[in-house]
$ cat coords_24.tsv   # TSV, C-alpha atoms and all ligand atoms
chain	number	residue	atom	x	y	z
A	1	MET	CA	-141.80	147.97	-10.17
A	2	ASN	CA	-142.00	144.80	-8.14
A	3	GLN	CA	-143.51	142.67	-10.90
A	4	PRO	CA	-143.34	138.89	-10.43
A	5	ASP	CA	-141.82	138.46	-13.90
A	6	GLN	CA	-138.77	140.54	-12.94
A	7	PRO	CA	-136.33	138.04	-11.45
A	8	GLN	CA	-133.94	140.76	-10.31
A	9	VAL	CA	-136.47	142.20	-7.85
A	10	VAL	CA	-135.28	141.59	-4.29
A	11	ARG	CA	-138.14	140.67	-1.98
A	12	ARG	CA	-138.42	141.79	1.63
A	13	PRO	CA	-137.20	138.49	3.19
A	14	VAL	CA	-134.19	138.45	0.84
A	15	VAL	CA	-133.24	141.98	1.85
A	16	VAL	CA	-133.47	141.17	5.56
A	17	ARG	CA	-131.65	137.83	5.21
A	18	ASN	CA	-128.73	139.43	3.38
A	19	LEU	CA	-128.38	142.10	6.03
A	20	LEU	CA	-128.66	139.62	8.93
A	21	ALA	CA	-125.87	137.63	7.27
A	22	LEU	CA	-123.46	140.51	7.95
A	23	TYR	CA	-123.57	139.76	11.69
A	24	GLU	CA	-122.36	136.73	13.64
A	25	GLN	CA	-125.27	136.35	16.09
A	26	PRO	CA	-127.80	138.76	14.67
A	27	ARG	CA	-130.55	140.31	16.75
A	28	TYR	CA	-133.56	141.29	14.64
A	29	LEU	CA	-136.48	143.64	15.33
A	30	GLU	CA	-139.46	143.99	12.99
A	31	ILE	CA	-142.04	146.76	13.52
A	32	GLY	CA	-145.25	145.90	11.63
A	33	VAL	CA	-145.34	142.15	11.06
A	34	CYS	CA	-148.87	141.41	9.80
A	35	THR	CA	-148.97	137.76	8.60
A	36	GLY	CA	-145.31	137.20	9.40
A	37	HIS	CA	-144.47	136.86	5.71
A	38	THR	CA	-141.03	138.40	6.28
A	39	PHE	CA	-140.56	137.69	9.99
A	40	HIS	CA	-141.06	133.93	9.65
A	41	GLN	CA	-138.85	133.65	6.57
A	42	VAL	CA	-135.74	135.09	8.16
A	43	GLU	CA	-133.51	133.43	10.72
A	44	ALA	CA	-131.68	134.93	13.65
A	45	PRO	CA	-130.94	133.65	17.17
A	46	TYR	CA	-132.95	136.54	18.61
A	47	LYS	CA	-136.01	137.99	16.88
A	48	VAL	CA	-138.62	140.44	18.14
A	49	ALA	CA	-141.98	141.03	16.40
A	50	VAL	CA	-144.16	144.08	17.15
A	51	ASP	CA	-147.67	144.60	15.76
A	52	PRO	CA	-150.93	145.75	17.41
A	53	GLU	CA	-152.84	143.26	15.25
A	54	PHE	CA	-150.91	140.14	14.27
A	55	ARG	CA	-152.67	138.14	11.53
A	56	PHE	CA	-151.72	134.90	13.27
A	57	ASP	CA	-151.76	133.55	16.80
A	58	PRO	CA	-148.68	135.08	18.47
A	59	GLU	CA	-148.82	132.68	21.42
A	60	ALA	CA	-148.73	129.63	19.14
A	61	ALA	CA	-145.97	131.28	17.09
A	62	ALA	CA	-143.91	131.90	20.24
A	63	ARG	CA	-144.20	128.20	21.14
A	64	GLU	CA	-143.15	127.15	17.63
A	65	ASN	CA	-140.30	129.67	17.34
A	66	PRO	CA	-138.00	129.61	20.35
A	67	GLY	CA	-135.82	132.71	20.24
A	68	SER	CA	-138.67	134.81	18.87
A	69	THR	CA	-140.74	137.19	20.98
A	70	TYR	CA	-144.10	138.63	19.94
A	71	HIS	CA	-145.49	141.90	21.30
A	72	GLN	CA	-149.07	142.64	20.29
A	73	VAL	CA	-148.78	146.41	20.83
A	74	THR	CA	-148.12	149.55	18.81
A	75	SER	CA	-144.53	150.55	18.13
A	76	ASP	CA	-144.96	153.55	20.48
A	77	GLU	CA	-145.94	151.22	23.31
A	78	TYR	CA	-143.08	148.86	22.55
A	79	PHE	CA	-140.43	151.60	22.49
A	80	GLY	CA	-142.07	153.48	25.36
A	81	SER	CA	-142.34	150.72	27.92
A	82	ILE	CA	-141.37	147.24	26.69
A	83	VAL	CA	-137.96	147.23	25.01
A	84	GLY	CA	-135.12	146.87	27.52
A	85	GLU	CA	-133.31	150.15	28.10
A	86	ASP	CA	-130.01	148.58	27.03
A	87	GLU	CA	-131.45	146.23	24.41
A	88	GLN	CA	-129.60	146.40	21.09
A	89	PHE	CA	-130.41	145.08	17.62
A	90	ASP	CA	-128.27	144.54	14.53
A	91	VAL	CA	-131.06	144.77	11.95
A	92	VAL	CA	-134.32	146.70	12.40
A	93	PHE	CA	-137.11	146.58	9.83
A	94	LEU	CA	-139.61	149.48	10.08
A	95	ASP	CA	-142.85	148.49	8.34
A	96	GLY	CA	-145.62	149.63	10.72
A	97	LEU	CA	-148.04	152.49	10.19
A	98	HIS	CA	-147.15	154.11	6.86
A	99	THR	CA	-147.26	157.79	7.70
A	100	VAL	CA	-144.18	159.99	7.77
A	101	GLU	CA	-144.90	161.09	11.36
A	102	GLN	CA	-145.19	157.55	12.74
A	103	THR	CA	-142.24	156.25	10.76
A	104	LEU	CA	-140.09	159.18	11.85
A	105	ARG	CA	-140.97	158.41	15.46
A	106	ASP	CA	-140.23	154.71	14.87
A	107	LEU	CA	-136.84	155.67	13.43
A	108	THR	CA	-135.88	157.99	16.29
A	109	ASN	CA	-137.11	155.43	18.83
A	110	ALA	CA	-135.20	152.61	17.11
A	111	LEU	CA	-131.86	154.43	16.87
A	112	PRO	CA	-130.90	154.13	20.57
A	113	HIS	CA	-131.54	150.38	20.23
A	114	LEU	CA	-129.40	149.96	17.12
A	115	GLN	CA	-125.90	148.73	17.82
A	116	PRO	CA	-123.27	151.18	16.47
A	117	ARG	CA	-122.72	149.14	13.29
A	118	GLY	CA	-126.35	148.07	12.88
A	119	VAL	CA	-128.66	148.76	9.95
A	120	ILE	CA	-132.28	149.89	9.60
A	121	VAL	CA	-134.58	149.11	6.67
A	122	ILE	CA	-137.55	151.43	6.09
A	123	ASP	CA	-140.26	150.01	3.89
A	124	ASP	CA	-142.25	151.74	1.14
A	125	VAL	CA	-140.34	154.97	0.56
A	126	ALA	CA	-140.99	155.04	-3.20
A	127	PRO	CA	-144.72	155.16	-3.94
A	128	PRO	CA	-145.36	154.15	-7.57
A	129	THR	CA	-148.47	156.32	-7.96
A	130	TYR	CA	-150.12	159.38	-6.43
A	131	LEU	CA	-152.83	157.07	-5.10
A	132	ALA	CA	-150.25	154.94	-3.27
A	133	SER	CA	-148.76	158.08	-1.67
A	134	LEU	CA	-151.95	159.27	0.05
A	135	PRO	CA	-151.16	159.41	3.79
A	136	ASN	CA	-154.66	158.61	5.02
A	137	ARG	CA	-155.65	154.98	4.40
A	138	THR	CA	-159.39	155.72	4.50
A	139	ASN	CA	-158.92	158.42	1.84
A	140	PHE	CA	-156.84	155.96	-0.17
A	141	PHE	CA	-159.77	153.54	-0.33
A	142	GLU	CA	-162.25	156.29	-1.21
A	143	VAL	CA	-160.09	157.81	-3.96
A	144	ARG	CA	-159.37	154.33	-5.30
A	145	ARG	CA	-163.10	153.60	-5.49
A	146	HIS	CA	-163.69	156.96	-7.20
A	147	LEU	CA	-161.03	156.11	-9.79
A	148	GLY	CA	-162.40	152.61	-10.28
A	149	SER	CA	-158.89	151.36	-9.56
A	150	THR	CA	-158.04	147.91	-8.23
A	151	ASP	CA	-154.44	148.84	-7.44
A	152	GLN	CA	-153.84	147.68	-3.86
A	153	ARG	CA	-150.45	149.28	-3.36
A	154	TRP	CA	-150.56	151.77	-0.48
A	155	MET	CA	-147.32	153.30	0.84
A	156	GLY	CA	-148.56	156.49	2.46
A	157	ASP	CA	-146.23	159.49	2.69
A	158	VAL	CA	-143.25	157.64	4.17
A	159	TYR	CA	-141.26	158.92	1.16
A	160	LYS	CA	-140.97	162.28	2.97
A	161	LEU	CA	-138.84	160.58	5.61
A	162	VAL	CA	-136.02	160.11	3.10
A	163	TYR	CA	-135.85	163.88	2.58
A	164	PHE	CA	-135.99	164.36	6.35
A	165	ILE	CA	-133.06	161.99	6.88
A	166	ASP	CA	-131.16	163.68	4.05
A	167	THR	CA	-131.54	167.09	5.69
A	168	PHE	CA	-131.67	166.41	9.43
A	169	PHE	CA	-129.84	163.13	10.14
A	170	GLN	CA	-126.34	164.07	9.01
A	171	GLN	CA	-124.84	161.25	11.07
A	172	LEU	CA	-126.72	158.66	9.00
A	173	THR	CA	-126.05	157.41	5.50
A	174	TYR	CA	-128.81	155.86	3.43
A	175	ARG	CA	-129.58	154.32	0.06
A	176	THR	CA	-132.92	153.39	-1.51
A	177	ILE	CA	-133.06	149.97	-3.12
A	178	SER	CA	-133.59	150.49	-6.85
A	179	ASN	CA	-134.38	146.87	-7.67
A	180	ASN	CA	-137.46	146.39	-5.53
A	181	HIS	CA	-140.57	148.34	-4.47
A	182	GLY	CA	-138.42	150.95	-2.70
A	183	GLN	CA	-136.91	150.38	0.73
A	184	ALA	CA	-134.46	152.75	2.40
A	185	VAL	CA	-131.42	151.13	4.01
A	186	VAL	CA	-129.94	153.34	6.73
A	187	TRP	CA	-126.77	153.02	8.79
A	188	ARG	CA	-124.47	155.19	10.89
A	189	ASP	CA	-121.90	156.94	8.76
A	190	ARG	CA	-121.69	160.69	8.89
A	191	ARG	CA	-122.02	162.75	5.72
A	192	THR	CA	-119.87	165.81	5.04
A	193	SER	CA	-122.88	167.84	3.90
A	194	VAL	CA	-126.66	167.87	3.82
A	195	THR	CA	-129.23	169.33	1.47
A	196	GLU	CA	-130.80	172.41	3.06
A	197	ARG	CA	-134.60	172.19	3.39
A	198	THR	CA	-137.03	173.67	5.87
A	199	LEU	CA	-139.30	171.45	7.94
A	200	ASN	CA	-142.16	173.09	6.09
A	201	GLU	CA	-140.74	172.17	2.70
A	202	ILE	CA	-140.41	168.54	3.72
A	203	GLY	CA	-143.87	168.43	5.29
A	204	SER	CA	-145.50	169.88	2.23
A	205	LEU	CA	-143.60	167.84	-0.36
A	206	THR	CA	-145.96	166.57	-3.05
A	207	PHE	CA	-145.95	163.33	-4.99
A	208	GLU	CA	-145.15	165.43	-8.05
A	209	GLN	CA	-141.98	166.80	-6.42
A	210	PHE	CA	-141.05	163.31	-5.23
A	211	ALA	CA	-141.37	162.00	-8.79
A	212	LEU	CA	-139.32	164.86	-10.24
A	213	GLU	CA	-136.63	165.09	-7.52
A	214	GLN	CA	-135.40	161.53	-7.14
A	215	ASP	CA	-131.76	162.44	-6.43
A	216	ALA	CA	-132.41	162.55	-2.69
A	217	LEU	CA	-133.40	158.88	-2.72
A	218	HIS	CA	-129.86	157.74	-3.66
A	219	LEU	CA	-131.33	154.86	-5.64
A	220	THR	CA	-128.82	152.00	-5.66
A	221	ARG	CA	-128.99	148.29	-6.50
A	222	PHE	CA	-129.27	146.11	-3.41
A	223	GLY	CA	-126.04	144.20	-4.09
A	224	GLN	CA	-124.07	147.46	-4.00
A	225	ILE	CA	-125.84	148.57	-0.81
A	226	VAL	CA	-124.85	145.32	0.93
A	227	LYS	CA	-121.22	145.96	-0.05
A	228	GLU	CA	-121.38	149.44	1.47
A	229	VAL	CA	-123.02	148.25	4.70
A	230	ARG	CA	-120.48	145.40	4.97
A	231	ALA	CA	-117.61	147.89	4.62
A	232	SER	CA	-119.15	149.93	7.44
A	233	VAL	CA	-119.67	146.83	9.64
A	234	GLU	CA	-116.05	145.72	9.12
A	235	ARG	CA	-114.55	149.15	9.67
B	301	LIG	C1	-147.36	146.24	5.61
B	301	LIG	S1	-147.80	145.37	7.06
B	301	LIG	C2	-146.29	144.63	7.56
B	301	LIG	C3	-145.76	143.59	6.62
B	301	LIG	C4	-144.59	142.79	7.12
B	301	LIG	N1	-143.49	143.61	7.60
B	301	LIG	C5	-144.05	141.87	6.05
B	301	LIG	O1	-142.96	142.15	5.51
B	301	LIG	O2	-144.72	140.90	5.73
B	301	LIG	C6	-148.04	146.66	8.20
B	301	LIG	C7	-148.39	146.22	9.60
B	301	LIG	O3	-148.18	147.32	10.47
B	301	LIG	C8	-149.04	147.18	11.54
B	301	LIG	N2	-149.18	148.45	12.26
B	301	LIG	C9	-150.10	149.43	12.08
B	301	LIG	N3	-149.92	150.40	12.97
B	301	LIG	C10	-148.85	150.04	13.72
B	301	LIG	C11	-148.17	150.65	14.81
B	301	LIG	N4	-148.57	151.83	15.31
B	301	LIG	N5	-147.13	149.99	15.36
B	301	LIG	C12	-146.71	148.80	14.86
B	301	LIG	N6	-147.32	148.19	13.82
B	301	LIG	C13	-148.37	148.80	13.26
B	301	LIG	C14	-150.35	146.68	10.92
B	301	LIG	O4	-151.15	146.02	11.90
B	301	LIG	C15	-149.83	145.77	9.82
B	301	LIG	O5	-149.87	144.43	10.22
$ encode --input "coords_24.tsv" --output "structure tokens"
Amino acid sequence: MNQPDQPQVVRRPVVVRNLLALYEQPRYLEIGVCTGHTFHQVEAPYKVAVDPEFRFDPEAAARENPGSTYHQVTSDEYFGSIVGEDEQFDVVFLDGLHTVEQTLRDLTNALPHLQPRGVIVIDDVAPPTYLASLPNRTNFFEVRRHLGSTDQRWMGDVYKLVYFIDTFFQQLTYRTISNNHGQAVVWRDRRTSVTERTLNEIGSLTFEQFALEQDALHLTRFGQIVKEVRASVER
């Protein structure tokens, strides 16, 4: 997965750029921005960056990027008291704290601010290893040291959110990008049925079950996903 020698792998900025291109004057929100690797490589007339710990000077960035706003706060603080009540975005990228609880809250908080034909990208829903799926980052480092591993990939248990959406967000349709590290692309389109699961079953899903029950991910190549989102935008 996500090896540099695989030219077909779609990187984060490419995913966001292709989705922004579906809208005339796109408004973009990114939760979890870090160095700005994605945020500063995508263009939109209106961009909002949220991160409690930017790895760059947000004031200098705001001066250099008119049209971009930087909020050095957690996503909860942003959605709880900063975002305008009527503010709407076309593309939202959720890449903040990688636990299923936080990402679920980010998703539910983002939905009222997604225009009806907008799209949400959720990062890191397909951990490549058990190690990468550990929800607690401190434990991740300790287990990694115990294993003598140098693998830096950490995705937490965000993968459980896909099963949650599948079962509890019937008004949303989603696909997981098969030709990158695993991002869920979510948009409003109701589904005729859901897969029955209890909250308990989703909460206690294991990496082993995730690896063996991949159907729920709806793995799809990114090009096909863009076609489906475009059809929904143009409907
Ligand atoms: C994987 S990085 C983001 C990478 C970035 N989206 C990109 O594509 O280059 C995750 C970021 O989430 C931020 N973060 C952690 N907790 C957060 C929270 N509660 N709300 C928003 N961002 C958070 C971290 O500070 C970190 O910079």
$ residues_near_ligand --input "coords_24.tsv" --ligand "ligand LIG 301 (chain B)" --cutoff "8 Å" --atoms "all atoms listed in the file" --output "ChimeraX atom specification"
/A:12-13,30-39,50-55,73-76,93-98,102
$ residues_around --input "coords_24.tsv" --residues "Asp90 (chain A)" --least-positions-apart "3" --cutoff "8 Å" --atoms "only C-alpha atoms" --output "PyMOL selection string"
chain A and resi 20+23+26-28+114-115+117-119
$ atom_distance --input "coords_24.tsv" --atom1 "CA of Thr173 (chain A)" --atom2 "CA of Glu196 (chain A)"
15.9 Å
$ closest_residue --input "coords_24.tsv" --among "A:Asn180, A:Leu147, A:His40, A:Ser81" --to "Ala61 (chain A)" --atoms "all atoms listed in the file"
A:His40
$ closest_residue --input "coords_24.tsv" --among "A:Ala49, A:Ala132, A:Val194, A:Ala21" --to "Val233 (chain A)" --atoms "all atoms listed in the file"
A:Ala21
$ atom_distance --input "coords_24.tsv" --atom1 "CA of Phe56 (chain A)" --atom2 "CA of Leu29 (chain A)"
17.7 Å
$ atom_distance --input "coords_24.tsv" --atom1 "CA of Gln183 (chain A)" --atom2 "CA of Leu199 (chain A)"
22.4 Å
$ closest_residue --input "coords_24.tsv" --among "A:Val229, A:Leu219, A:Val185, A:Ile177" --to "Arg11 (chain A)" --atoms "all atoms listed in the file"
A:Ile177
$ residues_around --input "coords_24.tsv" --residues "Ile202 (chain A)" --least-positions-apart "4" --cutoff "12 Å" --atoms "only C-alpha atoms" --output "list of chain:residue names"
A:Val100, A:Glu101, A:Asp157, A:Val158, A:Tyr159, A:Lys160, A:Leu161, A:Val162, A:Tyr163, A:Phe164, A:Ile165, A:Asp166, A:Thr167, A:Phe168, A:Thr195, A:Glu196, A:Arg197, A:Thr198, A:Thr206, A:Phe207, A:Gln209, A:Phe210, A:Ala216
$ residues_around --input "coords_24.tsv" --residues "Ile225 (chain A)" --least-positions-apart "5" --cutoff "9 Å" --atoms "only C-alpha atoms" --output "PyMOL selection string"
chain A and resi 174-177+185+220+230
$ closest_residue --input "coords_24.tsv" --among "A:Tyr130, A:Phe89, A:Phe140, A:Phe169" --to "Val48 (chain A)" --atoms "all atoms listed in the file"
A:Phe89
$ closest_residue --input "coords_24.tsv" --among "A:Val226, A:Pro116, A:Ser204, A:Thr150" --to "Arg17 (chain A)" --atoms "only C-alpha atoms"
A:Val226
$ closest_residue --input "coords_24.tsv" --among "A:Leu104, A:Ala44, A:Ala110, A:Leu217" --to "Glu87 (chain A)" --atoms "all atoms listed in the file"
A:Ala110
$ build_atoms --input "coords_24.tsv" --residues "region 154-165 of chain A" --atoms "N, CA and C atoms" --output "PDB file, keeping the file's coordinate frame"
ATOM      1  N   TRP A 154    -150.442 150.564  -1.303  1.00  0.00           N
ATOM      2  CA  TRP A 154    -150.560 151.770  -0.480  1.00  0.00           C
ATOM      3  C   TRP A 154    -149.255 151.932   0.305  1.00  0.00           C
ATOM      4  N   MET A 155    -148.593 153.067   0.141  1.00  0.00           N
ATOM      5  CA  MET A 155    -147.320 153.300   0.840  1.00  0.00           C
ATOM      6  C   MET A 155    -147.378 154.517   1.740  1.00  0.00           C
ATOM      7  N   GLY A 156    -148.465 155.293   1.652  1.00  0.00           N
ATOM      8  CA  GLY A 156    -148.560 156.490   2.460  1.00  0.00           C
ATOM      9  C   GLY A 156    -147.478 157.506   2.088  1.00  0.00           C
ATOM     10  N   ASP A 157    -147.209 158.438   3.001  1.00  0.00           N
ATOM     11  CA  ASP A 157    -146.230 159.490   2.690  1.00  0.00           C
ATOM     12  C   ASP A 157    -144.881 159.258   3.379  1.00  0.00           C
ATOM     13  N   VAL A 158    -144.549 157.981   3.551  1.00  0.00           N
ATOM     14  CA  VAL A 158    -143.250 157.640   4.170  1.00  0.00           C
ATOM     15  C   VAL A 158    -142.086 158.175   3.330  1.00  0.00           C
ATOM     16  N   TYR A 159    -142.339 158.410   2.028  1.00  0.00           N
ATOM     17  CA  TYR A 159    -141.260 158.920   1.160  1.00  0.00           C
ATOM     18  C   TYR A 159    -140.665 160.222   1.716  1.00  0.00           C
ATOM     19  N   LYS A 160    -141.483 161.007   2.430  1.00  0.00           N
ATOM     20  CA  LYS A 160    -140.970 162.280   2.970  1.00  0.00           C
ATOM     21  C   LYS A 160    -139.850 162.054   3.981  1.00  0.00           C
ATOM     22  N   LEU A 161    -139.860 160.886   4.598  1.00  0.00           N
ATOM     23  CA  LEU A 161    -138.840 160.580   5.610  1.00  0.00           C
ATOM     24  C   LEU A 161    -137.434 160.560   4.989  1.00  0.00           C
ATOM     25  N   VAL A 162    -137.336 160.140   3.751  1.00  0.00           N
ATOM     26  CA  VAL A 162    -136.020 160.110   3.100  1.00  0.00           C
ATOM     27  C   VAL A 162    -135.446 161.525   3.014  1.00  0.00           C
ATOM     28  N   TYR A 163    -136.302 162.489   2.674  1.00  0.00           N
ATOM     29  CA  TYR A 163    -135.850 163.880   2.580  1.00  0.00           C
ATOM     30  C   TYR A 163    -135.505 164.415   3.972  1.00  0.00           C
ATOM     31  N   PHE A 164    -136.265 163.949   4.973  1.00  0.00           N
ATOM     32  CA  PHE A 164    -135.990 164.360   6.350  1.00  0.00           C
ATOM     33  C   PHE A 164    -134.619 163.837   6.790  1.00  0.00           C
ATOM     34  N   ILE A 165    -134.363 162.579   6.510  1.00  0.00           N
ATOM     35  CA  ILE A 165    -133.060 161.990   6.880  1.00  0.00           C
ATOM     36  C   ILE A 165    -131.951 162.752   6.154  1.00  0.00           C
TER      37      ILE A 165
END
